$ cat coords.csv   # CSV, C-alpha atoms
chain,number,residue,atom,x,y,z
A,1,MET,CA,-16.3,12.7,-30.4
A,2,ALA,CA,-15.0,13.8,-27.1
A,3,LEU,CA,-16.3,15.3,-23.9
A,4,SER,CA,-16.2,19.1,-24.1
A,5,SER,CA,-13.2,20.7,-22.3
A,6,THR,CA,-15.8,22.6,-20.2
A,7,ALA,CA,-17.4,19.3,-19.1
A,8,GLU,CA,-14.0,17.9,-18.3
A,9,THR,CA,-13.0,20.9,-16.2
A,10,GLU,CA,-16.3,20.9,-14.4
A,11,LEU,CA,-16.1,17.2,-13.6
A,12,ARG,CA,-12.5,17.6,-12.3
A,13,ASN,CA,-13.6,20.5,-10.1
A,14,MET,CA,-16.6,18.7,-8.8
A,15,LEU,CA,-14.6,15.6,-8.0
A,16,ARG,CA,-12.1,17.7,-6.0
A,17,ALA,CA,-15.0,19.4,-4.1
A,18,PHE,CA,-16.5,16.0,-3.4
A,19,ARG,CA,-13.3,14.6,-2.1
A,20,ALA,CA,-12.9,17.6,0.1
A,21,ALA,CA,-16.5,17.3,1.4
A,22,HIS,CA,-16.4,13.6,2.1
A,23,GLY,CA,-12.9,12.5,2.5
A,24,PRO,CA,-11.3,9.1,2.1
A,25,THR,CA,-14.0,7.2,3.9
A,26,ALA,CA,-16.7,8.3,1.4
A,27,VAL,CA,-14.5,8.0,-1.7
A,28,PRO,CA,-15.6,4.6,-3.2
A,29,ASN,CA,-13.2,1.8,-2.3
A,30,GLY,CA,-15.6,-0.9,-1.6
A,31,ASP,CA,-15.9,-0.2,2.2
A,32,GLY,CA,-19.4,1.1,1.9
A,33,LYS,CA,-19.0,3.3,5.0
A,34,ALA,CA,-21.7,5.8,4.0
A,35,LEU,CA,-24.1,2.9,3.3
A,36,GLU,CA,-23.3,1.3,6.6
A,37,ALA,CA,-24.0,4.5,8.5
A,38,TRP,CA,-27.2,5.1,6.7
A,39,LEU,CA,-28.6,1.6,7.3
A,40,LEU,CA,-27.5,1.7,11.0
A,41,VAL,CA,-29.4,4.9,11.5
A,42,LYS,CA,-32.4,3.8,9.5
A,43,ILE,CA,-33.0,0.7,11.6
A,44,ALA,CA,-32.5,2.7,14.8
A,45,MET,CA,-35.1,5.2,13.5
A,46,ASP,CA,-37.4,2.5,12.5
A,47,ALA,CA,-37.3,0.9,15.9
A,48,ARG,CA,-38.2,4.2,17.4
A,49,ARG,CA,-41.0,4.8,15.0
A,50,THR,CA,-42.7,1.6,16.2
A,51,GLY,CA,-43.5,3.4,19.4
A,52,HIS,CA,-42.4,0.5,21.4
A,53,TRP,CA,-38.7,1.2,21.5
A,54,THR,CA,-36.7,4.2,22.9
A,55,ALA,CA,-33.6,5.0,20.9
A,56,GLU,CA,-30.7,6.9,22.3
A,57,LEU,CA,-27.3,7.9,20.9
A,58,ARG,CA,-24.5,6.7,23.1
A,59,ARG,CA,-20.7,7.3,23.4
A,60,GLY,CA,-18.0,4.7,23.7
A,61,ASP,CA,-18.5,4.5,27.5
A,62,GLY,CA,-22.2,4.0,27.2
A,63,SER,CA,-23.1,7.5,28.3
A,64,PRO,CA,-25.5,9.6,26.3
A,65,LEU,CA,-24.0,11.5,23.4
A,66,PRO,CA,-23.9,15.2,24.4
A,67,ALA,CA,-25.7,17.7,22.2
A,68,GLY,CA,-23.4,19.1,19.5
A,69,GLN,CA,-21.0,16.2,19.6
A,70,PRO,CA,-20.2,14.1,16.5
A,71,PHE,CA,-21.5,10.5,16.2
A,72,ASP,CA,-18.2,8.6,15.6
A,73,LEU,CA,-18.3,5.3,13.8
A,74,PRO,CA,-15.3,3.0,13.4
A,75,GLY,CA,-13.6,3.6,10.1
A,76,GLY,CA,-12.5,-0.1,10.0
A,77,PRO,CA,-13.1,-3.4,11.7
A,78,SER,CA,-13.2,-3.1,15.5
A,79,GLN,CA,-13.7,-5.1,18.6
A,80,LEU,CA,-16.0,-3.7,21.2
A,81,ARG,CA,-13.6,-1.2,22.8
A,82,PRO,CA,-13.0,-0.8,26.5
A,83,SER,CA,-15.2,1.8,28.1
A,84,ASN,CA,-14.0,5.2,26.9
A,85,PRO,CA,-16.1,8.3,26.1
A,86,SER,CA,-14.0,9.0,23.0
A,87,GLY,CA,-14.6,5.4,21.6
A,88,PRO,CA,-16.9,4.6,18.7
A,89,CYS,CA,-20.6,5.5,19.3
A,90,PHE,CA,-23.6,3.3,19.0
A,91,VAL,CA,-27.4,3.5,19.2
A,92,HIS,CA,-29.0,2.0,22.3
A,93,LEU,CA,-32.6,0.6,22.0
A,94,GLU,CA,-34.8,-0.2,25.0
A,95,HIS,CA,-38.3,-1.7,24.8
A,96,ASN,CA,-40.8,0.4,26.7
A,97,LEU,CA,-42.6,-2.6,28.3
A,98,HIS,CA,-40.5,-5.7,28.6
A,99,GLY,CA,-37.2,-3.7,29.0
A,100,THR,CA,-35.2,-5.7,26.4
A,101,ARG,CA,-32.1,-3.6,25.5
A,102,LEU,CA,-30.1,-3.8,22.3
A,103,GLU,CA,-27.2,-1.9,20.8
A,104,ILE,CA,-26.6,-1.2,17.1
A,105,HIS,CA,-23.0,-1.0,16.2
A,106,GLY,CA,-21.0,-0.3,13.0
A,107,SER,CA,-18.0,-2.5,11.8
A,108,LEU,CA,-18.1,-4.7,14.9
A,109,GLN,CA,-16.1,-7.9,14.8
A,110,TRP,CA,-17.7,-11.0,16.2
A,111,LYS,CA,-15.9,-14.3,17.0
A,112,GLY,CA,-17.0,-17.5,15.5
A,113,ARG,CA,-16.7,-21.1,16.7
A,114,SER,CA,-13.3,-21.3,15.0
A,115,ASP,CA,-12.1,-18.2,17.0
A,116,ALA,CA,-11.9,-16.4,13.6
A,117,ARG,CA,-13.1,-12.8,13.7
A,118,HIS,CA,-15.9,-11.7,11.4
A,119,GLU,CA,-16.7,-8.1,10.8
A,120,CYS,CA,-20.4,-7.2,10.5
A,121,ASP,CA,-20.9,-3.9,8.8
A,122,VAL,CA,-24.1,-3.3,10.9
A,123,SER,CA,-24.9,-5.6,13.8
A,124,VAL,CA,-27.2,-5.7,16.7
A,125,ILE,CA,-26.0,-7.0,20.0
A,126,PRO,CA,-27.8,-7.5,23.3
A,127,ALA,CA,-26.9,-4.6,25.6
A,128,GLN,CA,-26.0,-6.8,28.5
A,129,ILE,CA,-23.4,-8.6,26.4
A,130,ALA,CA,-22.0,-5.4,25.1
A,131,GLU,CA,-21.8,-3.8,28.6
A,132,ARG,CA,-20.0,-6.8,30.0
A,133,LEU,CA,-17.4,-6.5,27.3
A,134,ARG,CA,-17.1,-2.7,27.5
A,135,PHE,CA,-16.6,-2.8,31.3
A,136,ASN,CA,-14.2,-5.8,31.3
A,137,GLY,CA,-11.5,-4.5,29.0
A,138,GLY,CA,-13.3,-4.8,25.7
A,139,GLY,CA,-13.3,-7.8,23.4
A,140,TYR,CA,-15.4,-9.7,20.8
A,141,PRO,CA,-18.9,-11.0,21.2
A,142,HIS,CA,-19.3,-14.7,20.2
A,143,GLY,CA,-22.3,-16.1,18.4
A,144,LEU,CA,-24.9,-15.0,15.9
A,145,PRO,CA,-26.0,-11.3,16.1
A,146,VAL,CA,-29.6,-10.4,16.5
A,147,ALA,CA,-29.2,-8.6,13.2
A,148,ALA,CA,-26.4,-8.3,10.7
A,149,ILE,CA,-26.3,-6.3,7.5
A,150,GLU,CA,-23.5,-6.6,5.0
A,151,CYS,CA,-23.0,-3.4,3.0
A,152,LYS,CA,-21.7,-3.7,-0.5
A,153,ASP,CA,-21.0,-0.3,-2.1
A,154,LYS,CA,-20.8,-1.9,-5.5
A,155,THR,CA,-22.9,-1.4,-8.6
A,156,GLY,CA,-21.9,-4.6,-10.3
A,157,ASP,CA,-24.0,-7.7,-9.9
A,158,GLY,CA,-23.5,-9.6,-6.6
A,159,VAL,CA,-22.1,-13.0,-7.5
A,160,LEU,CA,-22.7,-16.4,-5.8
A,161,ASP,CA,-19.2,-16.3,-4.2
A,162,GLU,CA,-20.1,-13.1,-2.4
A,163,THR,CA,-23.2,-14.7,-0.8
A,164,ARG,CA,-21.1,-17.8,0.0
A,165,GLN,CA,-18.8,-15.5,2.0
A,166,THR,CA,-21.7,-14.1,4.0
A,167,LEU,CA,-23.0,-17.6,4.6
A,168,ALA,CA,-19.6,-18.9,5.7
A,169,ARG,CA,-19.4,-16.1,8.2
A,170,MET,CA,-22.9,-16.9,9.5
A,171,PHE,CA,-22.0,-20.6,9.6
A,172,ASP,CA,-19.0,-19.9,11.9
A,173,LEU,CA,-21.0,-17.6,14.1
A,174,ALA,CA,-23.9,-19.9,14.7
A,175,LEU,CA,-23.7,-21.7,18.0
A,176,ILE,CA,-25.4,-24.8,16.9
A,177,THR,CA,-23.5,-26.8,19.6
A,178,ALA,CA,-23.1,-25.5,23.1
A,179,PRO,CA,-19.8,-23.7,23.5
A,180,GLN,CA,-17.5,-25.6,25.9
A,181,GLY,CA,-17.7,-24.2,29.4
A,182,ILE,CA,-20.4,-21.7,28.5
A,183,GLY,CA,-23.6,-23.7,27.9
A,184,GLU,CA,-26.4,-23.4,25.4
A,185,CYS,CA,-27.1,-19.9,24.1
A,186,ARG,CA,-27.2,-17.7,21.0
A,187,ILE,CA,-24.6,-15.1,22.1
A,188,PHE,CA,-22.0,-15.0,24.8
A,189,GLU,CA,-19.0,-13.1,25.9
A,190,ALA,CA,-16.0,-14.9,27.3
A,191,SER,CA,-14.6,-12.6,30.0
A,192,THR,CA,-17.5,-13.2,32.4
A,193,ASN,CA,-19.2,-16.1,30.6
A,194,SER,CA,-22.4,-14.1,30.2
A,195,ARG,CA,-24.9,-15.7,27.9
A,196,TRP,CA,-27.9,-14.4,26.0
A,197,GLY,CA,-30.7,-16.1,24.0
A,198,ILE,CA,-31.4,-19.7,23.3
A,199,ARG,CA,-29.7,-22.3,21.1
A,200,ASN,CA,-31.2,-23.6,17.9
A,201,THR,CA,-30.2,-27.0,16.7
A,202,THR,CA,-30.4,-26.1,13.0
A,203,TYR,CA,-28.7,-23.4,11.0
A,204,ARG,CA,-31.9,-22.4,9.1
A,205,GLY,CA,-33.8,-22.4,12.3
A,206,LEU,CA,-31.3,-20.0,13.8
A,207,TYR,CA,-31.1,-17.8,10.8
A,208,SER,CA,-34.9,-17.5,10.6
A,209,THR,CA,-34.8,-15.7,13.9
A,210,GLY,CA,-33.1,-12.4,13.3
A,211,THR,CA,-32.4,-10.0,10.5
A,212,PHE,CA,-29.7,-10.9,8.0
A,213,ALA,CA,-29.2,-9.1,4.8
A,214,ILE,CA,-26.8,-8.1,2.1
A,215,ALA,CA,-27.4,-4.6,0.8
A,216,ARG,CA,-26.0,-3.6,-2.6
A,217,ALA,CA,-26.0,-0.5,-4.6
A,218,GLY,CA,-26.4,-2.8,-7.6
A,219,ASN,CA,-28.1,-6.1,-8.3
A,220,PHE,CA,-27.6,-9.8,-7.5
A,221,GLN,CA,-27.1,-12.6,-9.9
A,222,PRO,CA,-29.9,-15.1,-9.7
A,223,GLY,CA,-27.8,-17.9,-8.2
A,224,ALA,CA,-26.7,-15.6,-5.4
A,225,ARG,CA,-30.2,-14.7,-4.6
A,226,ARG,CA,-31.4,-18.3,-4.5
A,227,LEU,CA,-28.6,-19.3,-2.0
A,228,ALA,CA,-29.3,-16.3,0.2
A,229,THR,CA,-33.1,-16.8,0.2
A,230,HIS,CA,-32.8,-20.4,1.3
A,231,TYR,CA,-30.9,-19.2,4.4
A,232,TYR,CA,-33.2,-16.3,5.2
A,233,ILE,CA,-30.6,-13.7,4.1
A,234,ALA,CA,-32.4,-10.8,2.4
A,235,THR,CA,-30.8,-9.7,-0.9
A,236,LEU,CA,-31.4,-6.0,-0.9
A,237,ASP,CA,-30.6,-4.8,-4.4
A,238,SER,CA,-30.6,-1.2,-5.7
A,239,ILE,CA,-30.5,-0.1,-2.0
A,240,TYR,CA,-30.4,3.6,-2.9
A,241,ALA,CA,-33.4,3.4,-5.4
A,242,ALA,CA,-36.0,6.1,-4.9
A,243,SER,CA,-38.7,3.5,-4.7
A,244,GLY,CA,-37.3,2.4,-1.3
A,245,ALA,CA,-38.4,-1.2,-2.0
A,246,SER,CA,-35.2,-2.8,-0.6
A,247,VAL,CA,-35.1,-0.5,2.4
A,248,GLY,CA,-38.8,-1.4,3.0
A,249,GLU,CA,-38.0,-5.1,2.9
A,250,LEU,CA,-35.2,-4.6,5.4
A,251,MET,CA,-37.5,-2.7,7.8
A,252,SER,CA,-40.2,-5.3,7.5
A,253,ARG,CA,-37.7,-8.1,8.6
A,254,TRP,CA,-36.3,-5.8,11.3
A,255,ARG,CA,-39.7,-5.1,12.7
A,256,MET,CA,-40.5,-8.9,12.9
A,257,THR,CA,-37.2,-9.4,14.7
A,258,LEU,CA,-38.0,-6.7,17.2
A,259,ALA,CA,-41.5,-8.0,17.7
A,260,GLY,CA,-40.2,-11.5,18.4
A,261,ILE,CA,-37.1,-10.5,20.5
A,262,THR,CA,-38.4,-12.0,23.7
A,263,THR,CA,-38.5,-15.5,22.1
A,264,PHE,CA,-34.8,-15.4,21.0
B,1,MET,CA,-16.9,-4.6,-26.5
B,2,ALA,CA,-14.5,-1.7,-26.5
B,3,ILE,CA,-15.1,1.2,-24.2
B,4,ASN,CA,-15.8,4.4,-26.1
B,5,GLU,CA,-13.6,7.5,-26.0
B,6,ASP,CA,-15.9,9.5,-23.7
B,7,VAL,CA,-16.0,6.9,-21.1
B,8,MET,CA,-12.2,6.4,-21.3
B,9,THR,CA,-11.9,10.2,-20.7
B,10,ILE,CA,-14.1,9.9,-17.6
B,11,ILE,CA,-12.0,6.9,-16.4
B,12,ARG,CA,-8.8,8.9,-16.9
B,13,ILE,CA,-10.2,11.9,-15.0
B,14,LEU,CA,-11.4,9.7,-12.1
B,15,ASN,CA,-8.0,8.1,-11.8
B,16,GLU,CA,-6.2,11.5,-12.0
B,17,GLU,CA,-8.4,13.0,-9.3
B,18,GLY,CA,-7.8,10.2,-6.8
B,19,PHE,CA,-10.8,8.0,-7.5
B,20,GLY,CA,-8.7,5.2,-8.9
B,21,VAL,CA,-10.8,2.3,-7.4
B,22,LEU,CA,-13.9,3.8,-9.0
B,23,ALA,CA,-12.1,4.3,-12.3
B,24,GLY,CA,-11.3,0.6,-12.3
B,25,ASP,CA,-14.8,-0.3,-11.4
B,26,VAL,CA,-16.3,1.8,-14.2
B,27,MET,CA,-13.9,0.1,-16.7
B,28,VAL,CA,-14.8,-3.4,-15.5
B,29,GLU,CA,-18.5,-2.8,-15.3
B,30,ILE,CA,-18.8,-1.2,-18.7
B,31,SER,CA,-16.6,-3.9,-20.2
B,32,GLN,CA,-18.4,-6.8,-18.6
B,33,GLY,CA,-21.9,-5.3,-19.3
B,34,ARG,CA,-25.0,-6.0,-17.4
B,35,ASP,CA,-27.2,-9.0,-16.6
B,36,GLN,CA,-30.5,-7.9,-18.2
B,37,ARG,CA,-32.5,-10.9,-17.2
B,38,GLU,CA,-35.6,-10.4,-15.1
B,39,LEU,CA,-36.0,-13.8,-13.4
B,40,ASP,CA,-39.1,-14.4,-11.3
B,41,GLU,CA,-39.1,-16.8,-8.3
B,42,GLU,CA,-39.9,-19.8,-10.5
B,43,SER,CA,-37.1,-19.3,-13.0
B,44,LEU,CA,-34.6,-18.8,-10.1
B,45,ASP,CA,-34.8,-22.6,-9.7
B,46,THR,CA,-33.9,-23.3,-13.3
B,47,GLU,CA,-30.4,-24.1,-14.6
B,48,LYS,CA,-30.1,-20.9,-16.5
B,49,ALA,CA,-30.1,-18.9,-13.3
B,50,ASP,CA,-26.6,-20.1,-12.6
B,51,TYR,CA,-24.7,-18.9,-15.6
B,52,ASP,CA,-23.2,-15.4,-16.1
B,53,ALA,CA,-25.4,-13.7,-18.6
B,54,ARG,CA,-24.0,-10.2,-18.7
B,55,GLU,CA,-24.4,-8.5,-22.0
B,56,PRO,CA,-22.1,-5.9,-23.4
B,57,ILE,CA,-23.3,-2.3,-23.3
B,58,ALA,CA,-23.7,-0.7,-26.7
B,59,PRO,CA,-21.2,2.2,-27.4
B,60,GLU,CA,-24.0,4.8,-27.6
B,61,ASP,CA,-25.3,3.7,-24.1
B,62,GLN,CA,-21.9,3.5,-22.3
B,63,LEU,CA,-21.6,7.2,-21.3
B,64,SER,CA,-25.0,7.2,-19.6
B,65,ALA,CA,-24.2,3.8,-18.0
B,66,ALA,CA,-21.0,5.3,-16.6
B,67,MET,CA,-22.9,8.3,-15.2
B,68,GLN,CA,-25.3,5.9,-13.5
B,69,ILE,CA,-22.4,4.1,-11.9
B,70,LEU,CA,-21.0,7.4,-10.6
B,71,HIS,CA,-24.4,8.4,-9.3
B,72,ARG,CA,-24.7,5.2,-7.3
B,73,ARG,CA,-21.2,5.3,-6.0
B,74,LEU,CA,-20.8,9.0,-5.2
B,75,VAL,CA,-24.0,10.9,-5.2
B,76,ALA,CA,-26.3,8.3,-3.6
B,77,PRO,CA,-24.0,7.4,-0.7
B,78,ALA,CA,-23.3,11.1,0.1
B,79,LYS,CA,-27.0,11.9,0.1
B,80,ALA,CA,-27.6,8.8,2.3
B,81,LEU,CA,-25.0,10.0,4.8
B,82,ALA,CA,-26.6,13.4,5.0
B,83,GLU,CA,-30.0,11.8,5.6
B,84,ALA,CA,-28.4,9.7,8.4
B,85,GLU,CA,-27.1,12.9,10.0
B,86,ARG,CA,-30.6,14.3,9.9
B,87,LEU,CA,-32.2,11.2,11.3
B,88,LEU,CA,-29.6,11.1,14.1
B,89,GLY,CA,-30.8,14.6,15.0
B,90,GLU,CA,-34.4,13.3,15.2
B,91,ILE,CA,-33.3,10.4,17.4
B,92,GLY,CA,-31.5,12.9,19.7
B,93,GLU,CA,-34.4,15.3,19.4
B,94,GLY,CA,-32.1,18.1,18.4
B,95,ASN,CA,-30.2,19.4,15.4
B,96,PRO,CA,-28.6,17.1,12.8
B,97,VAL,CA,-25.6,15.2,14.2
B,98,ARG,CA,-22.3,15.0,12.3
B,99,ILE,CA,-21.2,11.4,11.5
B,100,ARG,CA,-17.5,10.9,11.6
B,101,PHE,CA,-15.5,7.8,10.7
B,102,VAL,CA,-12.7,7.4,13.2
B,103,ASP,CA,-9.8,5.1,13.6
B,104,PRO,CA,-11.3,2.4,15.8
B,105,VAL,CA,-8.2,2.3,18.1
B,106,GLU,CA,-7.0,5.9,18.1
B,107,GLY,CA,-10.4,7.5,17.8
B,108,THR,CA,-9.0,10.1,15.3
B,109,ASP,CA,-11.2,11.4,12.5
B,110,ARG,CA,-10.0,9.8,9.2
B,111,LEU,CA,-10.9,12.9,7.2
B,112,VAL,CA,-8.7,15.1,9.4
B,113,THR,CA,-6.0,12.4,9.4
B,114,ALA,CA,-6.0,12.5,5.6
B,115,ARG,CA,-5.3,16.2,5.9
B,116,ASP,CA,-2.5,15.6,8.4
B,117,ASP,CA,-0.9,13.1,6.1
B,118,ASN,CA,-1.2,15.3,3.1
B,119,PRO,CA,-1.4,19.1,3.7
B,120,ASP,CA,-2.8,19.5,0.2
B,121,PHE,CA,-5.8,17.3,0.9
B,122,PRO,CA,-8.7,19.6,0.6
B,123,LEU,CA,-11.2,19.8,3.5
B,124,GLY,CA,-14.6,21.4,3.3
B,125,ARG,CA,-17.5,19.3,4.4
B,126,ASP,CA,-21.1,20.3,3.8
B,127,ASP,CA,-23.1,21.6,6.7
B,128,ILE,CA,-24.3,18.8,8.9
B,129,GLY,CA,-27.2,16.9,7.2
B,130,GLN,CA,-26.7,18.7,3.9
B,131,SER,CA,-25.5,17.3,0.6
B,132,ASP,CA,-24.9,20.4,-1.5
B,133,VAL,CA,-21.8,19.1,-3.2
B,134,ALA,CA,-23.5,15.8,-4.0
B,135,ASP,CA,-26.5,17.7,-5.4
B,136,LYS,CA,-24.2,19.7,-7.7
B,137,LEU,CA,-22.4,16.6,-8.8
B,138,GLU,CA,-25.7,14.9,-9.5
B,139,LYS,CA,-26.7,17.8,-11.9
B,140,LEU,CA,-23.4,17.7,-13.6
B,141,LEU,CA,-23.6,13.9,-14.2
B,142,ALA,CA,-27.1,14.3,-15.7
B,143,ARG,CA,-25.7,17.0,-18.0
B,144,ILE,CA,-22.8,14.9,-19.1
B,145,ALA,CA,-25.0,12.0,-19.8
B,146,THR,CA,-26.9,14.1,-22.4
B,147,PRO,CA,-25.5,14.7,-25.9
B,148,ARG,CA,-25.3,18.4,-25.3
B,149,ALA,CA,-22.1,17.9,-23.3
B,150,ILE,CA,-20.4,16.5,-26.3
B,151,VAL,CA,-18.9,18.6,-29.0
$ encode --input "coords.csv" --output "structure tokens"
Amino acid sequence: MALSSTAETELRNMLRAFRAAHGPTAVPNGDGKALEAWLLVKIAMDARRTGHWTAELRRGDGSPLPAGQPFDLPGGPSQLRPSNPSGPCFVHLEHNLHGTRLEIHGSLQWKGRSDARHECDVSVIPAQIAERLRFNGGGYPHGLPVAAIECKDKTGDGVLDETRQTLARMFDLALITAPQGIGECRIFEASTNSRWGIRNTTYRGLYSTGTFAIARAGNFQPGARRLATHYYIATLDSIYAASGASVGELMSRWRMTLAGITTF
Amino acid sequence: MAINEDVMTIIRILNEEGFGVLAGDVMVEISQGRDQRELDEESLDTEKADYDAREPIAPEDQLSAAMQILHRRLVAPAKALAEAERLLGEIGEGNPVRIRFVDPVEGTDRLVTARDDNPDFPLGRDDIGQSDVADKLEKLLARIATPRAIV
């Protein structure tokens, strides 16, 4: 048996059309860029739908994205670039009552206690930290994001080692001890020593505040799920499933994070 | 378990059309099979949760499994991206907003850069917020997964 020549030809033509329509960043290579963009926008939209947060599309200099302009996301790992209108875009959130401001970024690299850089596919950073970086020549935020989502555009089962990688990243980012010369905080930026949030003395205590997740097109092996669950990392399997169960779980955690943001 | 002829044809086509990574993933995933266990919260704590329990995919099920992989890796992300463009329009209280992936330093569109690097690279994105190409691919994958596509 073999596929019909008609089916073969159709498939070739469709794959060419698909590549033309979506280019190298949408052709599967494990980067999960489309998934990253989708979840970034979904959590922005969900914050807006609570009725408590105002969401706004911003350019790389922090100014509103003009109508008709594209929303540019980094095609690879990136520091927070110096203020520049042509730099990568982000979503700015502002609470309507207490005025807390957050930014949602794609592919932002954070620095850990080791000084190693860790890319978070989707991450949420306090706006005051992002602005200090943006207007002081750019750089890397230090600490544990308010939210961080790892996007795995893979259909195979997520293995234990993959979850270990995510956890190792979070381990390095967690400011369990006060950074030297900075003082106790959850997040800081080094150029002006600006701090945000409070320190937690335990890893699990810190991870329990915030939204942390691994989103996969496929499933997770049981051991991977067990490790993630212990450290409050959501394992979002079959993220594209029509049921929307995993997206719903992410939004549930995200709303709890937003509701408790003044206690961070 | 050996990969059947139909799936090998799909893998060859993927590779020849510039989807080499996906071709490799299809081969690995069909060869390794799937973990069919449905473990509840209690059984997650048992010893059996730790071992690799993937089972081979039967030859007659391999083509539909391969089509499912292509759907999750091509169709679903493309539709999700289109939805994101529509949602950005809602946030901006206007029309859907084009999402571009740019070089983080240079700010250049990677889709356009691919064209610059290779003049033969085709370029023809769907309208903003639309996923016409993905919709057509979805229908084709469904047809291939049925026996009618095989002669």
$ closest_residue --input "coords.csv" --among "A:Pro222, A:Gly260, A:Gly32, A:Gly197" --to "Glu150 in chain A" --atoms "all atoms listed in the file"
A:Gly32
$ atom_distance --input "coords.csv" --atom1 "CA of Val7 in chain B" --atom2 "CA of Gly33 in chain B"
13.7 Å
$ residues_around --input "coords.csv" --residues "Leu140 in chain B" --least-positions-apart "4" --cutoff "10 Å" --atoms "all atoms listed in the file" --output "ChimeraX atom specification"
/A:7,10-11,14 /B:67,134-136,144-145,149
$ closest_residue --input "coords.csv" --among "A:Ala174, A:Leu3, A:Leu80, A:Leu108" --to "Gly139 in chain A" --atoms "only C-alpha atoms"
A:Leu80
$ closest_residue --input "coords.csv" --among "A:Tyr232, A:Phe264, A:Trp53, A:Phe18" --to "chain B" --atoms "only C-alpha atoms"
A:Phe18
$ closest_atom_pairs --input "coords.csv" --of "chain A" --to "chain B" --cutoff "6 Å" --atoms "all atoms listed in the file" --output "tab-separated table"
residue	atom	partner	partner_atom	distance
A:Ala2	CA	B:Asp6	CA	5.6
A:Leu3	CA	B:Ile150	CA	4.9
A:Ser4	CA	B:Ile150	CA	5.4
A:Ala20	CA	B:Leu123	CA	4.4
A:Ala21	CA	B:Arg125	CA	3.7
A:Gly23	CA	B:Leu111	CA	5.1
A:Asn29	CA	B:Val21	CA	5.7
A:Ala34	CA	B:Leu81	CA	5.4
A:Trp38	CA	B:Ala84	CA	5.0
A:Val41	CA	B:Ala84	CA	5.8
A:Pro70	CA	B:Arg98	CA	4.8
A:Phe71	CA	B:Ile99	CA	4.8
A:Asp72	CA	B:Arg100	CA	4.7
A:Leu73	CA	B:Phe101	CA	4.9
A:Pro74	CA	B:Pro104	CA	4.7
A:Gly75	CA	B:Phe101	CA	4.6
A:Ser78	CA	B:Pro104	CA	5.8
A:Pro222	CA	B:Ala49	CA	5.2
A:Gly223	CA	B:Asp50	CA	5.1
$ atom_distance --input "coords.csv" --atom1 "CA of Val91 in chain A" --atom2 "CA of Arg186 in chain A"
21.3 Å
$ atom_distance --input "coords.csv" --atom1 "CA of Leu173 in chain A" --atom2 "CA of Gln221 in chain A"
25.3 Å
$ closest_residue --input "coords.csv" --among "B:Ile3, B:Lys139, B:Gln130, B:Asn15" --to "Gln62 in chain B" --atoms "all atoms listed in the file"
B:Ile3
$ residues_near_point --input "coords.csv" --point "(-37.7, -6.0, 2.4)" --cutoff "8 Å" --atoms "all atoms listed in the file" --output "list in words"
Ala234, Leu236, Ala245, Ser246, Val247, Gly248, Glu249, Leu250, Met251, Ser252 and Arg253 of chain A
$ build_atoms --input "coords.csv" --residues "range 77-88 of chain B" --atoms "N, CA and C atoms" --output "PDB file, in the frame of the given file"
ATOM      1  N   PRO B  77     -24.531   7.612  -2.034  1.00  0.00           N
ATOM      2  CA  PRO B  77     -24.000   7.400  -0.700  1.00  0.00           C
ATOM      3  C   PRO B  77     -23.879   8.773   0.089  1.00  0.00           C
ATOM      4  N   ALA B  78     -23.465   9.828  -0.617  1.00  0.00           N
ATOM      5  CA  ALA B  78     -23.300  11.100   0.100  1.00  0.00           C
ATOM      6  C   ALA B  78     -24.666  11.639   0.548  1.00  0.00           C
ATOM      7  N   LYS B  79     -25.686  11.466  -0.269  1.00  0.00           N
ATOM      8  CA  LYS B  79     -27.000  11.900   0.100  1.00  0.00           C
ATOM      9  C   LYS B  79     -27.530  11.028   1.305  1.00  0.00           C
ATOM     10  N   ALA B  80     -27.217   9.737   1.238  1.00  0.00           N
ATOM     11  CA  ALA B  80     -27.600   8.800   2.300  1.00  0.00           C
ATOM     12  C   ALA B  80     -26.974   9.230   3.635  1.00  0.00           C
ATOM     13  N   LEU B  81     -25.703   9.600   3.552  1.00  0.00           N
ATOM     14  CA  LEU B  81     -25.000  10.000   4.800  1.00  0.00           C
ATOM     15  C   LEU B  81     -25.609  11.271   5.361  1.00  0.00           C
ATOM     16  N   ALA B  82     -25.970  12.182   4.484  1.00  0.00           N
ATOM     17  CA  ALA B  82     -26.600  13.400   5.000  1.00  0.00           C
ATOM     18  C   ALA B  82     -27.958  13.098   5.609  1.00  0.00           C
ATOM     19  N   GLU B  83     -28.693  12.188   5.003  1.00  0.00           N
ATOM     20  CA  GLU B  83     -30.000  11.800   5.600  1.00  0.00           C
ATOM     21  C   GLU B  83     -29.763  11.158   6.977  1.00  0.00           C
ATOM     22  N   ALA B  84     -28.712  10.326   7.064  1.00  0.00           N
ATOM     23  CA  ALA B  84     -28.400   9.700   8.400  1.00  0.00           C
ATOM     24  C   ALA B  84     -28.117  10.740   9.416  1.00  0.00           C
ATOM     25  N   GLU B  85     -27.426  11.805   9.034  1.00  0.00           N
ATOM     26  CA  GLU B  85     -27.100  12.900  10.000  1.00  0.00           C
ATOM     27  C   GLU B  85     -28.401  13.572  10.462  1.00  0.00           C
ATOM     28  N   ARG B  86     -29.330  13.725   9.537  1.00  0.00           N
ATOM     29  CA  ARG B  86     -30.600  14.300   9.900  1.00  0.00           C
ATOM     30  C   ARG B  86     -31.414  13.422  10.828  1.00  0.00           C
ATOM     31  N   LEU B  87     -31.413  12.119  10.498  1.00  0.00           N
ATOM     32  CA  LEU B  87     -32.200  11.200  11.300  1.00  0.00           C
ATOM     33  C   LEU B  87     -31.561  11.055  12.726  1.00  0.00           C
ATOM     34  N   LEU B  88     -30.233  11.131  12.820  1.00  0.00           N
ATOM     35  CA  LEU B  88     -29.600  11.100  14.100  1.00  0.00           C
ATOM     36  C   LEU B  88     -30.087  12.307  14.969  1.00  0.00           C
TER      37      LEU B  88
END
